[in-house]
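Some notes on the structure that comes next.
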Amino acid sequence: MNPDSAEFRPVDDEFTPPRTRDRYWLHILLLLIAFATTMWAGAAFAWSFDQNRPASVDEFIPTLSPAFPLAAGLAYSLTLLTILMAHEMGHYVACRYYGVDASLPYFLGVPTLIGTFGAFIRIRDPISTRKELFDIGVAGPLAGFAFLVPALAIGLAYSRIVPGIAEAGEVSFGAPLLLRLLEWLIFPGVPATDIALHPVARAAWVGMLATALNLMPIGQLDGGHIVYAIFPAWHKRLTLIFIICLVPFGLIFSWTWLFWAAVLFFVARKHPRIYDNESAGPGRAKIGVLALVIFVLCFSPAPIRI
């Protein structure tokens with residue numbers, strides 16, 4: 001058997017490389033940092049919501065006091081971290097199922113408007129087949145989406161009507177299709193600009209943003225894995241097309257798309273080759289369509305504008 005073929009996977013311990021041990025202290029430390037930064041951002045969202053005020057860059061970080069402690073951000077923080085954890089653990093569990101060595105999630109907590117740059121896992125082993133690639137790639141978005149939908153519904157149930165709040169502040173948040181559909185069900189006839197989102201709903205909004213970014217059919221993103229697994233010949237073409245499309249999005253809607261276009265072009269454009277000619281199968285193609293639907297529901301042309 002050719003050791004370079006897709007079917008080769010050593011089973012003898014003498015030839016199996018040792019698994020890399022996770023540095024648990026590092027994963028815990030990064031999770032605690034993300035917990036702190038999302039708590040801070042969540043407290044700011046809770047303060048704005050309590051005051052019936054829109055988010056403001058100048059006043060986004062509130063003056064915390066015993067009357068409005070940092071713990072006010074707990075609902076936002078726990079909701080967002082749960083969604084991100086579900087997404088990454090979806091990838092991790094799929095890797096473990098196929099015997100692919102992968103790390104536990106690394107969380108990226110940063111003191112920004114939303115408190116995080118998300119999370120990721122490191123896949124240390126090469127993926128042998130297109131079926132494995134598809135399952136590992138799609139497991140994260142499906143798991144995260146399963147958590148963010150009920151979180152969004154619960155958050156909207158606690159949201160309130162404040163006329164013109166979405167247009168009154170310096171920061172404008174986009175409204176993905178899923179958000180508009182649930183707003184229509186919970187607040188029938190109320191314009192989106194009149195709905196003040198509860199911090200739990202805002203956390204679900206960030207989860208939708210992360211899901212949409214990951215499902216873009218580009219390079220080594222989850223969407224890129226899905227495309228490569230189903231239509232490998234289209235992967236390079238679609239990657240370039242979508243990166244090019246981000247440029248006018250950045251010029252018209254939000255400059256952040258220019259940043260993502262540059263990062264994806266130079267860092268994540270290429271995909272590791274998988275030597276497997278076997279089709280992923282019609283069942284996975286249908287799940288791929290479901291992933292496309294989730295992308296459309298979560299995508300916003302202008303997620304954040306200042």
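Each chain of the structure tokens is named A, B, ... in the order shown, its residues numbered from 1; ligands are numbered from 1 in display order.
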
At a cut-off of 7 Å, using only C-alpha atoms, what residues contact segment 300-303 of chain A? Leave out same-chain residues fewer than 3 positions from it and give the result as a PyMOL selection string. chain A and resi 173-176+249+253-254

Write the residues of the preceding selection, restricted to C-alpha atoms, as an mmCIF file, in the first residue's frame.
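Once written, part_34.cif looks like this:
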```cif
data_model
loop_
_atom_site.group_PDB
_atom_site.id
_atom_site.type_symbol
_atom_site.label_atom_id
_atom_site.label_comp_id
_atom_site.auth_asym_id
_atom_site.auth_seq_id
_atom_site.Cartn_x
_atom_site.Cartn_y
_atom_site.Cartn_z
ATOM 1 C CA PHE A 173 -25.427 46.846 13.761
ATOM 2 C CA GLY A 174 -26.653 44.959 10.717
ATOM 3 C CA ALA A 175 -29.807 42.854 10.807
ATOM 4 C CA PRO A 176 -29.285 39.336 9.395
ATOM 5 C CA PHE A 249 -18.642 45.158 0.113
ATOM 6 C CA PHE A 253 -21.086 48.752 3.281
ATOM 7 C CA SER A 254 -18.289 48.413 5.841
#
```

Residues of segment 78-167 of chain A within 10 Å of segment 30-52 of chain A: nearest atom pair and distance (Å, one decimal) for each, counting only C-alpha atoms, sorted by chain and number, as a tab-separated table?
```
residue	atom	partner	partner_atom	distance
A:Leu78	CA	A:Phe35	CA	7.8
A:Thr79	CA	A:Thr38	CA	9.9
A:Leu80	CA	A:Thr38	CA	8.0
A:Leu81	CA	A:Phe35	CA	7.5
A:Met85	CA	A:Leu31	CA	9.9
A:Pro105	CA	A:Leu31	CA	8.8
A:Tyr106	CA	A:Leu30	CA	6.5
A:Phe107	CA	A:Leu30	CA	5.4
A:Leu108	CA	A:Ala34	CA	6.1
A:Gly109	CA	A:Ala34	CA	3.7
A:Val110	CA	A:Thr37	CA	6.0
A:Pro111	CA	A:Thr37	CA	5.5
A:Thr112	CA	A:Ala41	CA	7.4
A:Leu113	CA	A:Ala41	CA	6.3
A:Ile114	CA	A:Ala41	CA	5.7
A:Gly115	CA	A:Thr38	CA	4.4
A:Thr116	CA	A:Ala34	CA	6.5
A:Phe117	CA	A:Ala34	CA	9.1
A:Gly118	CA	A:Ala34	CA	8.9
A:Ala119	CA	A:Leu31	CA	9.4
A:Ser159	CA	A:Phe49	CA	8.6
A:Arg160	CA	A:Asn52	CA	8.8
A:Ile161	CA	A:Asn52	CA	9.1
A:Val162	CA	A:Asn52	CA	6.8
A:Pro163	CA	A:Asn52	CA	9.8
A:Ile165	CA	A:Asn52	CA	7.8
```

Excluding Asp101 of chain A and its own-chain neighbours fewer than 3 positions away, which residues fall within 7 Å of it when counting only C-alpha atoms? Please give them as a VMD selection string. chain A and resid 19 95 to 96 123 to 125

All strand (DSSP E) residues (DSSP, backbone) inside segment 5-253 of chain A, as a ChimeraX atom specification: /A:106-109,116-120,160-161,172-173,195-196

Could you tell me which of A:Ile230, A:Ile28, A:Leu142, A:Leu177 comes closest to Pro217 of chain A if we count only C-alpha atoms?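 When distances to Pro217 of chain A are compared using only C-alpha atoms, the smallest one comes from A:Ile230.
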
My list of candidates is A:Gly144, A:Gly164, A:Pro248, A:Pro126. Which is closest to His271 of chain A when distances are computed with only C-alpha atoms? A:Pro126

Can you tell me which residues surround Ala229 of chain A at a distance of at most 7 Å, considering only C-alpha atoms, apart from same-chain residues fewer than 4 positions away, and format the answer as a PyMOL selection string? chain A and resi 130-131+133-134+225+280
